[in-house]
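Quick notes on the structure that follows.
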Amino acid sequence: MNARIHHVNALVSSLRLTAVDFDLLYANQNDLTPLESVEVFLSEQQRLRTEKQNIIRRRRANLPAEKNLESFDFGFQRSITREQMLRLSDMTWVEQAYNICFLGPPGIGKTHLALSLAVKALDLGYAVAFTTLDELMIILKTSQISTASKRRLKILNAAALVLIDEVGFMPLSTVEANLFFGFVSSMSEKTSIIITSNKGFDEWSDFMGDPTITTAILDRLIHHCEILNMTGNSYRLQHRKSII
Ligand code: ADP
Ligand code: MG
């Protein structure tokens, strides 16, 4: 029996399966038929593989935090409804490569809602990648010379849903605006983008610099897009925790 278990373990590792405890499997389930044993073993392999893929997918997504709709106070943020967010939670829009833009002042929950949708997408098995516009600029500018940037860009390109957070905080140079346009173009019709911005679209040319490139970017972005204009007070300021 030992030689057989040894042989099975060797097969498991050469097939890159996950090792399961055969002693335990055999001891507990020796009343199983051979076919049932194979079924138990393969089901376990499948479960472990799905689990591993989930972990890898979440790591690749690089979300700054796991947020959800349950912890979002729709009584405080009244410019968007729970129903609207629940409707977006089925992710059918990702299938159609639609985009979502959360627009509005700081602290009103744009990133929280964007991350909630990202978590839903991950749970449903979609490849997701989070970045900020600043980070995206660094990635795009250094992808030729940095392996880390190249790897990150590959993950962004392979994702079904890309989040670009904090668009509008920093002014872009002409080179950067063009890189952003190239990136958005490469995504269009194939990948969904969620953007959060503290600036309304009419203000985008202020930080993009060039009005022509701004129009081109917005044209690609909002062709198939849910635009959520949010207002309200900063949750951070209202729920500020003080030390004393
Ligand atoms: P924004 O991206 O609009 O600047 P965030 O989504 O980062 O704002 O929100 C700031 C903080 O306040 C986060 O920790 C977020 O989880 C929390 N927050 C914002 N709005 C709400 C809300 N309506 N209910 C619960 N938490 C909220
Ligand atoms: Mg934010």
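Letters for chains follow the order of the structure tokens (A, B, ...), residue numbers begin at 1 for each chain, and ligand numbers begin at 1 in the order shown.
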For this session: Extract the full set of helix (DSSP H, G or I) residues from chain A according to DSSP on the backbone, and format it as a ChimeraX atom specification.
Result: /A:2-14,22-28,34-61,82-88,92-95,110-123,133-142,147-158,174-187,201-208,211-222,235-238
Problem set entry | strand (DSSP E) residues, from DSSP on the backbone, in range 91-202 of chain A, as a VMD selection string | chain A and resid 99 to 103 128 to 132 161 to 167 192 to 197
How about saving the chosen residues, N, CA and C atoms kept, as a PDB file, in the first residue's frame?
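Okay, this is what ended up in part.pdb:
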ATOM      1  N   ASN A  99     -18.732  51.221 -19.371  1.00  0.00           N
ATOM      2  CA  ASN A  99     -17.928  51.871 -18.346  1.00  0.00           C
ATOM      3  C   ASN A  99     -18.829  52.528 -17.298  1.00  0.00           C
ATOM      4  N   ILE A 100     -18.241  52.823 -16.148  1.00  0.00           N
ATOM      5  CA  ILE A 100     -18.972  53.576 -15.115  1.00  0.00           C
ATOM      6  C   ILE A 100     -18.079  54.712 -14.626  1.00  0.00           C
ATOM      7  N   CYS A 101     -18.647  55.908 -14.539  1.00  0.00           N
ATOM      8  CA  CYS A 101     -17.914  57.038 -13.981  1.00  0.00           C
ATOM      9  C   CYS A 101     -18.609  57.547 -12.734  1.00  0.00           C
ATOM     10  N   PHE A 102     -17.896  57.522 -11.615  1.00  0.00           N
ATOM     11  CA  PHE A 102     -18.393  58.129 -10.378  1.00  0.00           C
ATOM     12  C   PHE A 102     -17.765  59.520 -10.284  1.00  0.00           C
ATOM     13  N   LEU A 103     -18.601  60.555 -10.365  1.00  0.00           N
ATOM     14  CA  LEU A 103     -18.075  61.914 -10.351  1.00  0.00           C
ATOM     15  C   LEU A 103     -18.605  62.670  -9.140  1.00  0.00           C
ATOM     16  N   VAL A 128      -9.984  41.518 -12.496  1.00  0.00           N
ATOM     17  CA  VAL A 128     -10.140  42.931 -12.143  1.00  0.00           C
ATOM     18  C   VAL A 128      -8.765  43.520 -11.870  1.00  0.00           C
ATOM     19  N   ALA A 129      -8.562  44.795 -12.192  1.00  0.00           N
ATOM     20  CA  ALA A 129      -7.291  45.442 -11.833  1.00  0.00           C
ATOM     21  C   ALA A 129      -7.556  46.879 -11.403  1.00  0.00           C
ATOM     22  N   PHE A 130      -7.039  47.225 -10.224  1.00  0.00           N
ATOM     23  CA  PHE A 130      -7.208  48.570  -9.670  1.00  0.00           C
ATOM     24  C   PHE A 130      -5.931  49.377  -9.868  1.00  0.00           C
ATOM     25  N   THR A 131      -6.094  50.647 -10.228  1.00  0.00           N
ATOM     26  CA  THR A 131      -4.957  51.556 -10.235  1.00  0.00           C
ATOM     27  C   THR A 131      -5.474  52.974 -10.002  1.00  0.00           C
ATOM     28  N   THR A 132      -4.575  53.877  -9.640  1.00  0.00           N
ATOM     29  CA  THR A 132      -4.948  55.292  -9.622  1.00  0.00           C
ATOM     30  C   THR A 132      -4.401  55.902 -10.910  1.00  0.00           C
ATOM     31  N   LEU A 161     -12.258  44.140 -16.089  1.00  0.00           N
ATOM     32  CA  LEU A 161     -12.683  45.383 -15.436  1.00  0.00           C
ATOM     33  C   LEU A 161     -11.462  46.094 -14.849  1.00  0.00           C
ATOM     34  N   VAL A 162     -11.231  47.334 -15.303  1.00  0.00           N
ATOM     35  CA  VAL A 162     -10.122  48.135 -14.794  1.00  0.00           C
ATOM     36  C   VAL A 162     -10.680  49.325 -14.028  1.00  0.00           C
ATOM     37  N   LEU A 163     -10.185  49.537 -12.802  1.00  0.00           N
ATOM     38  CA  LEU A 163     -10.588  50.717 -12.037  1.00  0.00           C
ATOM     39  C   LEU A 163      -9.486  51.753 -12.110  1.00  0.00           C
ATOM     40  N   ILE A 164      -9.842  52.975 -12.470  1.00  0.00           N
ATOM     41  CA  ILE A 164      -8.872  54.069 -12.439  1.00  0.00           C
ATOM     42  C   ILE A 164      -9.390  55.101 -11.451  1.00  0.00           C
ATOM     43  N   ASP A 165      -8.733  55.135 -10.297  1.00  0.00           N
ATOM     44  CA  ASP A 165      -9.197  55.963  -9.192  1.00  0.00           C
ATOM     45  C   ASP A 165      -8.488  57.323  -9.233  1.00  0.00           C
ATOM     46  N   GLU A 166      -9.152  58.312  -8.684  1.00  0.00           N
ATOM     47  CA  GLU A 166      -8.546  59.639  -8.486  1.00  0.00           C
ATOM     48  C   GLU A 166      -8.091  60.303  -9.775  1.00  0.00           C
ATOM     49  N   VAL A 167      -9.006  60.342 -10.737  1.00  0.00           N
ATOM     50  CA  VAL A 167      -8.728  61.077 -11.969  1.00  0.00           C
ATOM     51  C   VAL A 167      -9.048  62.547 -11.708  1.00  0.00           C
ATOM     52  N   SER A 192     -14.199  46.861 -19.470  1.00  0.00           N
ATOM     53  CA  SER A 192     -14.942  47.881 -18.735  1.00  0.00           C
ATOM     54  C   SER A 192     -13.986  48.696 -17.884  1.00  0.00           C
ATOM     55  N   ILE A 193     -14.258  49.995 -17.791  1.00  0.00           N
ATOM     56  CA  ILE A 193     -13.452  50.868 -16.942  1.00  0.00           C
ATOM     57  C   ILE A 193     -14.373  51.527 -15.928  1.00  0.00           C
ATOM     58  N   ILE A 194     -13.948  51.538 -14.667  1.00  0.00           N
ATOM     59  CA  ILE A 194     -14.634  52.368 -13.676  1.00  0.00           C
ATOM     60  C   ILE A 194     -13.693  53.516 -13.353  1.00  0.00           C
ATOM     61  N   ILE A 195     -14.201  54.731 -13.497  1.00  0.00           N
ATOM     62  CA  ILE A 195     -13.396  55.900 -13.170  1.00  0.00           C
ATOM     63  C   ILE A 195     -14.016  56.633 -11.997  1.00  0.00           C
ATOM     64  N   THR A 196     -13.195  57.069 -11.073  1.00  0.00           N
ATOM     65  CA  THR A 196     -13.691  58.009 -10.075  1.00  0.00           C
ATOM     66  C   THR A 196     -12.959  59.321 -10.300  1.00  0.00           C
ATOM     67  N   SER A 197     -13.723  60.414 -10.243  1.00  0.00           N
ATOM     68  CA  SER A 197     -13.104  61.722 -10.458  1.00  0.00           C
ATOM     69  C   SER A 197     -13.778  62.777  -9.598  1.00  0.00           C
TER      70      SER A 197
END
Write as an mmCIF file with N, CA and C atoms, in the first residue's frame the residues around ligand 1, taking 9 Å as the cut-off and counting only C-alpha atoms and all ligand atoms.
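Written out: pocket08.cif:
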data_model
loop_
_atom_site.group_PDB
_atom_site.id
_atom_site.type_symbol
_atom_site.label_atom_id
_atom_site.label_comp_id
_atom_site.auth_asym_id
_atom_site.auth_seq_id
_atom_site.Cartn_x
_atom_site.Cartn_y
_atom_site.Cartn_z
ATOM 1 N N ALA A 65 -8.645 48.272 -0.615
ATOM 2 C CA ALA A 65 -9.479 47.800 0.494
ATOM 3 C C ALA A 65 -10.635 47.018 -0.090
ATOM 4 N N LYS A 67 -14.352 46.738 -0.013
ATOM 5 C CA LYS A 67 -15.544 47.462 0.447
ATOM 6 C C LYS A 67 -16.772 46.712 -0.037
ATOM 7 N N ASN A 68 -17.907 46.962 0.623
ATOM 8 C CA ASN A 68 -19.150 46.354 0.144
ATOM 9 C C ASN A 68 -20.325 47.309 0.314
ATOM 10 N N LEU A 69 -21.435 46.955 -0.331
ATOM 11 C CA LEU A 69 -22.614 47.828 -0.291
ATOM 12 C C LEU A 69 -23.306 47.769 1.061
ATOM 13 N N GLU A 70 -23.131 46.647 1.769
ATOM 14 C CA GLU A 70 -23.782 46.475 3.073
ATOM 15 C C GLU A 70 -23.279 47.537 4.061
ATOM 16 N N SER A 71 -22.014 47.907 3.940
ATOM 17 C CA SER A 71 -21.458 48.887 4.890
ATOM 18 C C SER A 71 -21.602 50.327 4.376
ATOM 19 N N PHE A 72 -22.320 50.500 3.262
ATOM 20 C CA PHE A 72 -22.488 51.852 2.717
ATOM 21 C C PHE A 72 -23.797 52.450 3.203
ATOM 22 N N ASP A 73 -23.722 53.649 3.759
ATOM 23 C CA ASP A 73 -24.908 54.325 4.285
ATOM 24 C C ASP A 73 -25.573 55.156 3.182
ATOM 25 N N PHE A 74 -26.626 54.571 2.586
ATOM 26 C CA PHE A 74 -27.337 55.277 1.513
ATOM 27 C C PHE A 74 -28.246 56.373 2.080
ATOM 28 N N GLY A 75 -28.396 56.388 3.394
ATOM 29 C CA GLY A 75 -29.135 57.466 4.033
ATOM 30 C C GLY A 75 -28.290 58.728 4.077
ATOM 31 N N PHE A 76 -26.988 58.529 4.190
ATOM 32 C CA PHE A 76 -26.072 59.679 4.214
ATOM 33 C C PHE A 76 -25.774 60.152 2.792
ATOM 34 N N GLN A 77 -25.535 59.207 1.887
ATOM 35 C CA GLN A 77 -25.250 59.542 0.482
ATOM 36 C C GLN A 77 -26.537 59.350 -0.316
ATOM 37 N N ARG A 78 -27.212 60.478 -0.613
ATOM 38 C CA ARG A 78 -28.554 60.390 -1.194
ATOM 39 C C ARG A 78 -28.602 60.640 -2.693
ATOM 40 N N PHE A 102 -17.896 57.522 -11.615
ATOM 41 C CA PHE A 102 -18.393 58.129 -10.378
ATOM 42 C C PHE A 102 -17.765 59.520 -10.284
ATOM 43 N N LEU A 103 -18.601 60.555 -10.365
ATOM 44 C CA LEU A 103 -18.075 61.914 -10.351
ATOM 45 C C LEU A 103 -18.605 62.670 -9.140
ATOM 46 N N GLY A 104 -17.766 63.505 -8.544
ATOM 47 C CA GLY A 104 -18.222 64.322 -7.423
ATOM 48 C C GLY A 104 -17.092 64.675 -6.471
ATOM 49 N N PRO A 105 -17.390 65.548 -5.507
ATOM 50 C CA PRO A 105 -16.357 66.047 -4.592
ATOM 51 C C PRO A 105 -15.759 64.950 -3.697
ATOM 52 N N PRO A 106 -14.650 65.236 -3.024
ATOM 53 C CA PRO A 106 -13.972 64.225 -2.194
ATOM 54 C C PRO A 106 -14.798 63.762 -1.001
ATOM 55 N N GLY A 107 -14.603 62.519 -0.637
ATOM 56 C CA GLY A 107 -15.151 61.988 0.616
ATOM 57 C C GLY A 107 -16.598 61.536 0.556
ATOM 58 N N ILE A 108 -17.211 61.512 -0.647
ATOM 59 C CA ILE A 108 -18.648 61.195 -0.718
ATOM 60 C C ILE A 108 -18.924 59.727 -1.049
ATOM 61 N N GLY A 109 -17.865 58.916 -1.158
ATOM 62 C CA GLY A 109 -18.082 57.474 -1.327
ATOM 63 C C GLY A 109 -17.838 56.934 -2.728
ATOM 64 N N LYS A 110 -17.205 57.716 -3.592
ATOM 65 C CA LYS A 110 -16.958 57.256 -4.970
ATOM 66 C C LYS A 110 -16.080 56.010 -4.991
ATOM 67 N N THR A 111 -14.963 56.076 -4.282
ATOM 68 C CA THR A 111 -14.040 54.936 -4.280
ATOM 69 C C THR A 111 -14.670 53.734 -3.579
ATOM 70 N N HIS A 112 -15.409 53.999 -2.506
ATOM 71 C CA HIS A 112 -16.091 52.916 -1.772
ATOM 72 C C HIS A 112 -17.020 52.146 -2.718
ATOM 73 N N LEU A 113 -17.847 52.862 -3.482
ATOM 74 C CA LEU A 113 -18.794 52.200 -4.388
ATOM 75 C C LEU A 113 -18.071 51.492 -5.527
ATOM 76 N N ALA A 114 -17.019 52.124 -6.038
ATOM 77 C CA ALA A 114 -16.245 51.501 -7.115
ATOM 78 C C ALA A 114 -15.630 50.184 -6.628
ATOM 79 N N LEU A 115 -15.071 50.218 -5.401
ATOM 80 C CA LEU A 115 -14.457 49.001 -4.845
ATOM 81 C C LEU A 115 -15.502 47.924 -4.565
ATOM 82 N N ASP A 165 -8.733 55.135 -10.297
ATOM 83 C CA ASP A 165 -9.197 55.963 -9.192
ATOM 84 C C ASP A 165 -8.488 57.323 -9.233
ATOM 85 N N GLU A 166 -9.152 58.312 -8.684
ATOM 86 C CA GLU A 166 -8.546 59.639 -8.486
ATOM 87 C C GLU A 166 -8.091 60.303 -9.775
ATOM 88 N N THR A 196 -13.195 57.069 -11.073
ATOM 89 C CA THR A 196 -13.691 58.009 -10.075
ATOM 90 C C THR A 196 -12.959 59.321 -10.300
ATOM 91 N N SER A 197 -13.723 60.414 -10.243
ATOM 92 C CA SER A 197 -13.104 61.722 -10.458
ATOM 93 C C SER A 197 -13.778 62.777 -9.598
ATOM 94 N N ASN A 198 -12.954 63.653 -9.061
ATOM 95 C CA ASN A 198 -13.483 64.769 -8.281
ATOM 96 C C ASN A 198 -13.847 65.945 -9.190
ATOM 97 N N MET A 230 -22.437 62.456 -8.417
ATOM 98 C CA MET A 230 -22.748 62.400 -6.985
ATOM 99 C C MET A 230 -22.503 63.753 -6.329
ATOM 100 N N ASN A 233 -22.151 65.796 1.300
ATOM 101 C CA ASN A 233 -21.063 66.169 2.193
ATOM 102 C C ASN A 233 -20.080 65.023 2.327
ATOM 103 N N SER A 234 -18.862 65.377 2.693
ATOM 104 C CA SER A 234 -17.830 64.367 2.875
ATOM 105 C C SER A 234 -18.137 63.495 4.094
ATOM 106 N N TYR A 235 -18.204 62.189 3.842
ATOM 107 C CA TYR A 235 -18.427 61.231 4.922
ATOM 108 C C TYR A 235 -17.267 61.293 5.906
ATOM 109 N N ARG A 236 -16.083 61.483 5.349
ATOM 110 C CA ARG A 236 -14.882 61.574 6.200
ATOM 111 C C ARG A 236 -15.000 62.719 7.201
ATOM 112 N N LEU A 237 -15.397 63.898 6.680
ATOM 113 C CA LEU A 237 -15.476 65.060 7.566
ATOM 114 C C LEU A 237 -16.568 64.899 8.619
ATOM 115 N N HIS A 239 -17.826 62.078 9.766
ATOM 116 C CA HIS A 239 -17.581 60.966 10.688
ATOM 117 C C HIS A 239 -16.141 60.968 11.187
#
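Of the listed residues (A:Ile227, A:Pro64, A:Leu122, A:Thr212), A:Pro64 comes nearest to ligand 2; the distances count only C-alpha atoms and all ligand atoms.
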